[in-house]
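Below: one structure, written as structure tokens.
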Amino acid sequence: SILIMRDCHPSLSDVLTRHDLPYVYDLDDLLLIKPAYSEGDTAGDIEAIARRAELISFASPVLAQKFRKYSRLDPSAATTVIPNGLFLPPSPREVQKPTAVAWTSADRVSLSASRNAIYSAISTFCREKGLPLYLFGRVDDGLLSRVPEKRLFAKTDFSAHKLLLATHPGLIGVAPLETRGDKATLDFVNSKSDIKMVEFGGYGHGAVYSAADGYAASTLHTGVITENSREAWLEALHRCYRDAGADGHVNQHAILRERDIRAVARRHWLPALEAVSMSTAFPLAQLRRDLIAAERARGEKVRERELARARWQTLAPRRTVRLRRVHRQVAASDGSTVSIRPSAIALHAGPVGGPPVVTRLTYALDPEWIG
């Protein structure tokens, strides 16, 4: 099966269609439009890639609805909703008294009109409770200048971020989204998934979420959902602090059951990929050559060089690789150690007739090994 996620090389759908290769196209953002707070450009090939897909998967029903609104997608196009999931602990952790406030923003901060009100509420709460603010990803100087005690994690490795959430004593997460603005901005924001609820609630932390559709329509029922005023955010943060220790507030049991990535894979991804499986194998080397030629024809020298440098390997089916002694011990915040093991393995085909060679390991938390 072929799975394309988010944006990709513009020529990819052309080449796949030419070879009559079906694919699943997965979207977790409304990439057809540009919100007011974004500095980037709208991806121009998203709609063409979607129109040619055998199946389009969306991270939420709202995103599926908004994508149809902004695209010229055929009403009969096959779509499915596959919710976000993460590798989560096998059982709920004890919800603890909050020791810090945590904000994660992988991209730009998704705020404009509500920014000052929310910044003021967060900074006031941190000062009142004497809690530090942990900031992951891109942050705004307008918030940094207001908080006396903060810790900047900048762009943190995905696995390291989840490891911290899984092992750190109680946190209060903050997940603001803009709820005021022009129609395009609001449609973009309301199409976002509830992944922050999976992150904070799934690892046992309470959190405050803006009353945008992505959170308000979620079935996870975790944390506190509030309007974007200073008073409402401040009250919601205090409520999270008061309710710490009550699992019903976090609803971790239900999140582990519904959004552990293994459960999501069994219930959603496996049927989707099986529905779009190829009848025969296709050589990746041929796909690579065709993509490079297509980008060269378009005059896209940068993309052509990217494809030429990319490492493409085709592994024989049913080939197995035995890995020994590849787990690591990582120090947790309380001084104990937590085991992690590889979550992604890059393989080089190796010598002809010989075993594949492991060239890169990407480590992730193994929740079953948490001590």
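We name chains A, B, ... following the order of the structure tokens; residues begin at 1 in each chain, and ligands are numbered from 1 as shown.
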Which residues are close to A:Pro271, i.e. within 12 Å by only C-alpha atoms, leaving aside same-chain residues fewer than 6 positions away? Reply as an mmCIF file with N, CA and C atoms, in the first residue's frame.
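Output file result27.cif is given in full below:
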```cif
data_model
loop_
_atom_site.group_PDB
_atom_site.id
_atom_site.type_symbol
_atom_site.label_atom_id
_atom_site.label_comp_id
_atom_site.auth_asym_id
_atom_site.auth_seq_id
_atom_site.Cartn_x
_atom_site.Cartn_y
_atom_site.Cartn_z
ATOM 1 N N SER A 1 0.836 -1.192 0.000
ATOM 2 C CA SER A 1 0.000 0.000 0.000
ATOM 3 C C SER A 1 0.871 1.243 0.000
ATOM 4 N N VAL A 24 -3.445 6.080 -0.519
ATOM 5 C CA VAL A 24 -4.225 6.755 0.509
ATOM 6 C C VAL A 24 -3.576 8.112 0.747
ATOM 7 N N LEU A 55 -8.342 6.805 -1.723
ATOM 8 C CA LEU A 55 -9.009 7.028 -0.446
ATOM 9 C C LEU A 55 -8.341 8.213 0.237
ATOM 10 N N SER A 57 -7.983 10.123 3.887
ATOM 11 C CA SER A 57 -8.242 9.990 5.325
ATOM 12 C C SER A 57 -8.062 11.341 6.001
ATOM 13 N N THR A 80 -12.452 8.671 4.653
ATOM 14 C CA THR A 80 -12.607 8.032 5.951
ATOM 15 C C THR A 80 -12.020 8.944 7.011
ATOM 16 N N VAL A 81 -12.436 8.780 8.242
ATOM 17 C CA VAL A 81 -11.885 9.547 9.366
ATOM 18 C C VAL A 81 -11.039 8.609 10.212
ATOM 19 N N ILE A 82 -9.757 8.970 10.383
ATOM 20 C CA ILE A 82 -8.842 8.186 11.212
ATOM 21 C C ILE A 82 -8.288 9.119 12.285
ATOM 22 N N VAL A 264 -5.687 2.401 17.322
ATOM 23 C CA VAL A 264 -6.048 3.172 16.126
ATOM 24 C C VAL A 264 -5.607 2.429 14.863
ATOM 25 N N ALA A 265 -4.428 1.825 14.919
ATOM 26 C CA ALA A 265 -3.921 1.084 13.751
ATOM 27 C C ALA A 265 -4.812 -0.107 13.424
ATOM 28 N N SER A 277 -4.621 -1.660 -1.272
ATOM 29 C CA SER A 277 -3.389 -2.425 -1.478
ATOM 30 C C SER A 277 -3.161 -2.683 -2.961
#
```
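For A:Pro176, the list of residues within 9 Å, based on only C-alpha atoms and with local chain neighbours fewer than 5 positions off taken out, reads Trp103, Val109, Ser110, Leu111, Arg115, Ile118, Val208, Tyr209, Ser210, Ala211, Ala212 and Asn228 of chain A.
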query: A:Val101: which residues within 7 Å, counting only C-alpha atoms, same-chain residues fewer than 3 positions away excluded, as a ChimeraX atom specification?
result: /A:131-134,171-173
For all heavy atoms, I'd like the residues from the last selection saved as an mmCIF file, in the first residue's frame.
```
data_model
loop_
_atom_site.group_PDB
_atom_site.id
_atom_site.type_symbol
_atom_site.label_atom_id
_atom_site.label_comp_id
_atom_site.auth_asym_id
_atom_site.auth_seq_id
_atom_site.Cartn_x
_atom_site.Cartn_y
_atom_site.Cartn_z
ATOM 1 N N LEU A 131 4.379 28.599 39.569
ATOM 2 C CA LEU A 131 4.699 27.496 38.668
ATOM 3 C C LEU A 131 5.518 27.987 37.480
ATOM 4 O O LEU A 131 5.229 29.049 36.926
ATOM 5 C CB LEU A 131 3.409 26.841 38.144
ATOM 6 C CG LEU A 131 2.507 26.173 39.184
ATOM 7 C CD1 LEU A 131 1.243 25.643 38.507
ATOM 8 C CD2 LEU A 131 3.235 25.058 39.914
ATOM 9 N N PRO A 132 6.516 27.217 37.057
ATOM 10 C CA PRO A 132 7.251 27.573 35.834
ATOM 11 C C PRO A 132 6.415 27.252 34.598
ATOM 12 O O PRO A 132 5.513 26.409 34.647
ATOM 13 C CB PRO A 132 8.490 26.685 35.900
ATOM 14 C CG PRO A 132 8.036 25.481 36.666
ATOM 15 C CD PRO A 132 7.032 25.983 37.674
ATOM 16 N N LEU A 133 6.726 27.909 33.498
ATOM 17 C CA LEU A 133 6.074 27.638 32.219
ATOM 18 C C LEU A 133 7.069 26.932 31.311
ATOM 19 O O LEU A 133 8.143 27.454 31.021
ATOM 20 C CB LEU A 133 5.607 28.946 31.574
ATOM 21 C CG LEU A 133 4.964 28.831 30.186
ATOM 22 C CD1 LEU A 133 3.691 27.988 30.244
ATOM 23 C CD2 LEU A 133 4.666 30.218 29.617
ATOM 24 N N TYR A 134 6.725 25.721 30.861
ATOM 25 C CA TYR A 134 7.538 24.981 29.902
ATOM 26 C C TYR A 134 7.028 25.306 28.501
ATOM 27 O O TYR A 134 5.837 25.170 28.219
ATOM 28 C CB TYR A 134 7.421 23.471 30.119
ATOM 29 C CG TYR A 134 8.016 22.950 31.412
ATOM 30 C CD1 TYR A 134 7.868 21.609 31.766
ATOM 31 C CD2 TYR A 134 8.731 23.779 32.283
ATOM 32 C CE1 TYR A 134 8.409 21.103 32.942
ATOM 33 C CE2 TYR A 134 9.274 23.281 33.454
ATOM 34 C CZ TYR A 134 9.110 21.945 33.779
ATOM 35 O OH TYR A 134 9.650 21.450 34.948
ATOM 36 N N LEU A 171 1.510 18.062 35.303
ATOM 37 C CA LEU A 171 1.579 19.263 34.486
ATOM 38 C C LEU A 171 0.162 19.773 34.242
ATOM 39 O O LEU A 171 -0.805 19.012 34.281
ATOM 40 C CB LEU A 171 2.231 18.973 33.129
ATOM 41 C CG LEU A 171 3.687 18.520 33.124
ATOM 42 C CD1 LEU A 171 4.081 18.053 31.716
ATOM 43 C CD2 LEU A 171 4.615 19.638 33.586
ATOM 44 N N ILE A 172 0.051 21.070 33.978
ATOM 45 C CA ILE A 172 -1.183 21.627 33.428
ATOM 46 C C ILE A 172 -0.872 22.053 32.006
ATOM 47 O O ILE A 172 -0.056 22.948 31.777
ATOM 48 C CB ILE A 172 -1.693 22.827 34.249
ATOM 49 C CG1 ILE A 172 -2.144 22.381 35.635
ATOM 50 C CG2 ILE A 172 -2.863 23.507 33.523
ATOM 51 C CD1 ILE A 172 -2.668 23.515 36.508
ATOM 52 N N GLY A 173 -1.473 21.393 31.056
ATOM 53 C CA GLY A 173 -1.255 21.755 29.661
ATOM 54 C C GLY A 173 -2.113 22.940 29.261
ATOM 55 O O GLY A 173 -3.216 23.136 29.787
#
```
- request: May I have the residues within 8 Å of A:Pro169 as number ranges by chain, using only C-alpha atoms and disregarding those fewer than 3 positions away in the same chain?
  value: A: 96-99
Between atom CA of A:His168 and atom CA of A:Arg93 - distance in Å to one decimal: 11.0 Å
message: Run DSSP on the backbone and tell me which residues of stretch 137-319 of chain A come out as helix (DSSP H, G or I); list them as a PyMOL selection string.
response: chain A and resi 141-144+158-167+183-190+195-202+213-216+230-243+247-250+252-259+261-275+284-297+301-309
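Atom CA of A:Ala113 is found 15.4 Å from atom CA of A:Glu231.
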Residue nearest A:His249 among A:Thr222, A:Ser120, A:Thr167, A:Thr179 (counting only C-alpha atoms):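 Distance minimum relative to A:His249 lands on A:Thr222.
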Selection: 12 Å around A:Thr280, only C-alpha atoms, excl. self and same-chain fewer than 6 positions, as a PyMOL selection string: chain A and resi 1+19-22
Would you write out those residues with C-alpha atoms, as a JSON list (two decimals), in the first residue's frame?
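The resulting file, again-v5.json, is reproduced below:
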```
[["chain", "number", "residue", "atom", "x", "y", "z"],
["A", 1, "SER", "CA", 0.00, 0.00, 0.00],
["A", 19, "HIS", "CA", 1.60, 3.92, -13.34],
["A", 20, "ASP", "CA", -1.97, 3.28, -12.14],
["A", 21, "LEU", "CA", -0.80, 2.97, -8.52],
["A", 22, "PRO", "CA", -3.54, 3.57, -5.91]]
```
message: Run DSSP on the backbone and tell me which residues of stretch 111-319 of chain A come out as strand (DSSP E); list them as a ChimeraX atom specification.
response: /A:133-137,150-154,171-175,206-210,224-226
Would you mind exporting N, CA, C and O atoms of the selected residues as a tab-separated table (two decimals), in the first residue's frame?
```
chain	number	residue	atom	x	y	z
A	133	LEU	N	6.73	27.91	33.50
A	133	LEU	CA	6.07	27.64	32.22
A	133	LEU	C	7.07	26.93	31.31
A	133	LEU	O	8.14	27.45	31.02
A	134	TYR	N	6.72	25.72	30.86
A	134	TYR	CA	7.54	24.98	29.90
A	134	TYR	C	7.03	25.31	28.50
A	134	TYR	O	5.84	25.17	28.22
A	135	LEU	N	7.94	25.71	27.63
A	135	LEU	CA	7.57	26.10	26.28
A	135	LEU	C	8.29	25.21	25.27
A	135	LEU	O	9.52	25.21	25.21
A	136	PHE	N	7.52	24.47	24.49
A	136	PHE	CA	8.07	23.58	23.47
A	136	PHE	C	7.75	24.15	22.09
A	136	PHE	O	6.64	24.57	21.81
A	137	GLY	N	8.75	24.13	21.19
A	137	GLY	CA	8.53	24.60	19.82
A	137	GLY	C	8.68	26.09	19.69
A	137	GLY	O	9.41	26.75	20.43
A	150	LYS	N	10.49	30.47	33.40
A	150	LYS	CA	10.14	29.66	32.23
A	150	LYS	C	11.33	28.79	31.82
A	150	LYS	O	12.48	29.06	32.19
A	151	ARG	N	11.00	27.76	31.06
A	151	ARG	CA	12.04	26.88	30.53
A	151	ARG	C	11.75	26.67	29.06
A	151	ARG	O	10.68	26.19	28.68
A	152	LEU	N	12.70	27.06	28.22
A	152	LEU	CA	12.54	26.96	26.78
A	152	LEU	C	13.13	25.65	26.27
A	152	LEU	O	14.32	25.40	26.42
A	153	PHE	N	12.30	24.83	25.67
A	153	PHE	CA	12.75	23.56	25.10
A	153	PHE	C	12.97	23.67	23.59
A	153	PHE	O	13.49	22.75	22.98
A	154	ALA	N	12.53	24.79	23.00
A	154	ALA	CA	12.66	25.01	21.55
A	154	ALA	C	12.08	23.83	20.79
A	154	ALA	O	11.12	23.21	21.23
A	171	LEU	N	1.51	18.06	35.30
A	171	LEU	CA	1.58	19.26	34.49
A	171	LEU	C	0.16	19.77	34.24
A	171	LEU	O	-0.80	19.01	34.28
A	172	ILE	N	0.05	21.07	33.98
A	172	ILE	CA	-1.18	21.63	33.43
A	172	ILE	C	-0.87	22.05	32.01
A	172	ILE	O	-0.06	22.95	31.78
A	173	GLY	N	-1.47	21.39	31.06
A	173	GLY	CA	-1.26	21.75	29.66
A	173	GLY	C	-2.11	22.94	29.26
A	173	GLY	O	-3.22	23.14	29.79
A	174	VAL	N	-1.62	23.74	28.33
A	174	VAL	CA	-2.41	24.83	27.75
A	174	VAL	C	-2.40	24.64	26.24
A	174	VAL	O	-1.36	24.47	25.63
A	175	ALA	N	-3.58	24.64	25.65
A	175	ALA	CA	-3.72	24.41	24.21
A	175	ALA	C	-4.70	25.42	23.62
A	175	ALA	O	-5.84	25.09	23.29
A	206	GLY	N	-3.94	17.14	33.33
A	206	GLY	CA	-5.05	18.04	33.04
A	206	GLY	C	-4.59	19.14	32.11
A	206	GLY	O	-3.40	19.42	31.99
A	207	ALA	N	-5.53	19.80	31.44
A	207	ALA	CA	-5.16	20.86	30.50
A	207	ALA	C	-6.36	21.77	30.25
A	207	ALA	O	-7.51	21.40	30.52
A	208	VAL	N	-6.07	22.95	29.71
A	208	VAL	CA	-7.10	23.90	29.32
A	208	VAL	C	-7.05	24.04	27.80
A	208	VAL	O	-5.97	24.23	27.22
A	209	TYR	N	-8.22	23.97	27.17
A	209	TYR	CA	-8.33	24.02	25.71
A	209	TYR	C	-9.32	25.13	25.32
A	209	TYR	O	-10.36	25.31	25.97
A	210	SER	N	-8.99	25.84	24.24
A	210	SER	CA	-9.93	26.81	23.70
A	210	SER	C	-11.16	26.10	23.15
A	210	SER	O	-11.09	24.96	22.69
A	224	VAL	N	-10.37	21.02	30.61
A	224	VAL	CA	-11.37	22.08	30.68
A	224	VAL	C	-11.38	22.83	29.36
A	224	VAL	O	-10.33	23.28	28.89
A	225	ILE	N	-12.54	22.96	28.74
A	225	ILE	CA	-12.71	23.72	27.50
A	225	ILE	C	-13.31	25.07	27.86
A	225	ILE	O	-14.31	25.14	28.58
A	226	THR	N	-12.71	26.15	27.35
A	226	THR	CA	-13.13	27.48	27.77
A	226	THR	C	-13.13	28.47	26.62
A	226	THR	O	-12.46	28.27	25.60
```
Neighbours of stretch 183-185 of chain A within 10 Å (only C-alpha atoms; same-chain residues fewer than 2 positions away dropped), as a compact mmCIF listing (two decimals) with N, CA, C and O atoms, in the first residue's frame?
```
# COMPACT_ATOMS: atom_id res chain seq x y z
N LEU A 30 -6.28 21.68 7.37
CA LEU A 30 -6.97 22.20 6.18
C LEU A 30 -5.96 23.02 5.37
O LEU A 30 -5.93 24.25 5.42
N LEU A 32 -5.66 23.74 2.37
CA LEU A 32 -6.11 24.48 1.18
C LEU A 32 -6.20 25.97 1.42
O LEU A 32 -6.23 26.75 0.47
N ILE A 33 -6.26 26.39 2.68
CA ILE A 33 -6.41 27.81 2.98
C ILE A 33 -5.32 28.26 3.94
O ILE A 33 -4.66 27.44 4.59
N LYS A 34 -5.16 29.58 4.03
CA LYS A 34 -4.11 30.16 4.86
C LYS A 34 -4.75 31.00 5.96
O LYS A 34 -5.45 31.97 5.69
N PRO A 35 -4.53 30.65 7.24
CA PRO A 35 -5.07 31.46 8.33
C PRO A 35 -4.34 32.79 8.45
O PRO A 35 -3.21 32.93 7.99
N ALA A 36 -4.98 33.74 9.11
CA ALA A 36 -4.41 35.09 9.21
C ALA A 36 -3.08 35.12 9.94
O ALA A 36 -2.21 35.95 9.65
N TYR A 37 -2.87 34.21 10.90
CA TYR A 37 -1.64 34.24 11.70
C TYR A 37 -0.47 33.54 11.01
O TYR A 37 0.64 33.54 11.51
N SER A 38 -0.70 32.92 9.84
CA SER A 38 0.35 32.15 9.17
C SER A 38 1.16 33.03 8.24
O SER A 38 0.64 33.94 7.59
N TYR A 70 -13.91 23.61 0.61
CA TYR A 70 -12.92 24.44 -0.06
C TYR A 70 -12.32 23.78 -1.30
O TYR A 70 -11.54 24.41 -2.02
N SER A 110 -1.12 29.65 17.23
CA SER A 110 -2.39 29.79 16.50
C SER A 110 -3.30 30.81 17.16
O SER A 110 -4.45 30.52 17.49
N SER A 112 -4.39 35.20 17.33
CA SER A 112 -4.30 36.57 16.81
C SER A 112 -5.10 37.49 17.72
O SER A 112 -4.54 38.09 18.64
N GLU A 178 -7.30 30.06 18.19
CA GLU A 178 -8.06 31.28 17.93
C GLU A 178 -9.54 30.97 17.66
O GLU A 178 -9.85 30.03 16.93
N THR A 179 -10.42 31.75 18.27
CA THR A 179 -11.86 31.58 18.04
C THR A 179 -12.51 32.86 17.53
O THR A 179 -13.74 32.92 17.43
N ARG A 180 -11.70 33.85 17.20
CA ARG A 180 -12.22 35.09 16.60
C ARG A 180 -11.38 35.42 15.38
O ARG A 180 -10.16 35.28 15.41
N GLY A 181 -12.03 35.86 14.31
CA GLY A 181 -11.27 36.22 13.11
C GLY A 181 -12.10 36.05 11.86
O GLY A 181 -13.32 35.83 11.91
N ASP A 187 -12.24 28.61 9.90
CA ASP A 187 -12.40 27.29 9.30
C ASP A 187 -11.12 26.47 9.43
O ASP A 187 -11.17 25.26 9.68
N PHE A 188 -9.97 27.11 9.26
CA PHE A 188 -8.69 26.41 9.42
C PHE A 188 -8.53 25.93 10.85
O PHE A 188 -8.20 24.76 11.10
N VAL A 189 -8.75 26.81 11.81
CA VAL A 189 -8.57 26.46 13.23
C VAL A 189 -9.56 25.38 13.65
O VAL A 189 -9.19 24.42 14.34
N ASN A 190 -10.82 25.52 13.26
CA ASN A 190 -11.84 24.55 13.67
C ASN A 190 -11.64 23.18 13.04
O ASN A 190 -12.25 22.20 13.49
N SER A 191 -10.81 23.11 12.01
CA SER A 191 -10.52 21.83 11.36
C SER A 191 -9.38 21.08 12.03
O SER A 191 -9.07 19.95 11.66
```
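In this comparison, which uses only C-alpha atoms, the residue of A:His221, A:Leu165, A:Arg52, A:Asp182 approaching A:Arg18 most closely is A:Arg52.
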query: To one decimal place, how far is atom CA of A:Thr219 from atom CA of A:Leu86 in Å?
result: 16.1 Å
- request: Considering only C-alpha atoms, state which residue in the set A:Asp28, A:Gly201, A:Ser229, A:Thr104 is at the smallest distance from A:Asn116.
  value: A:Ser229
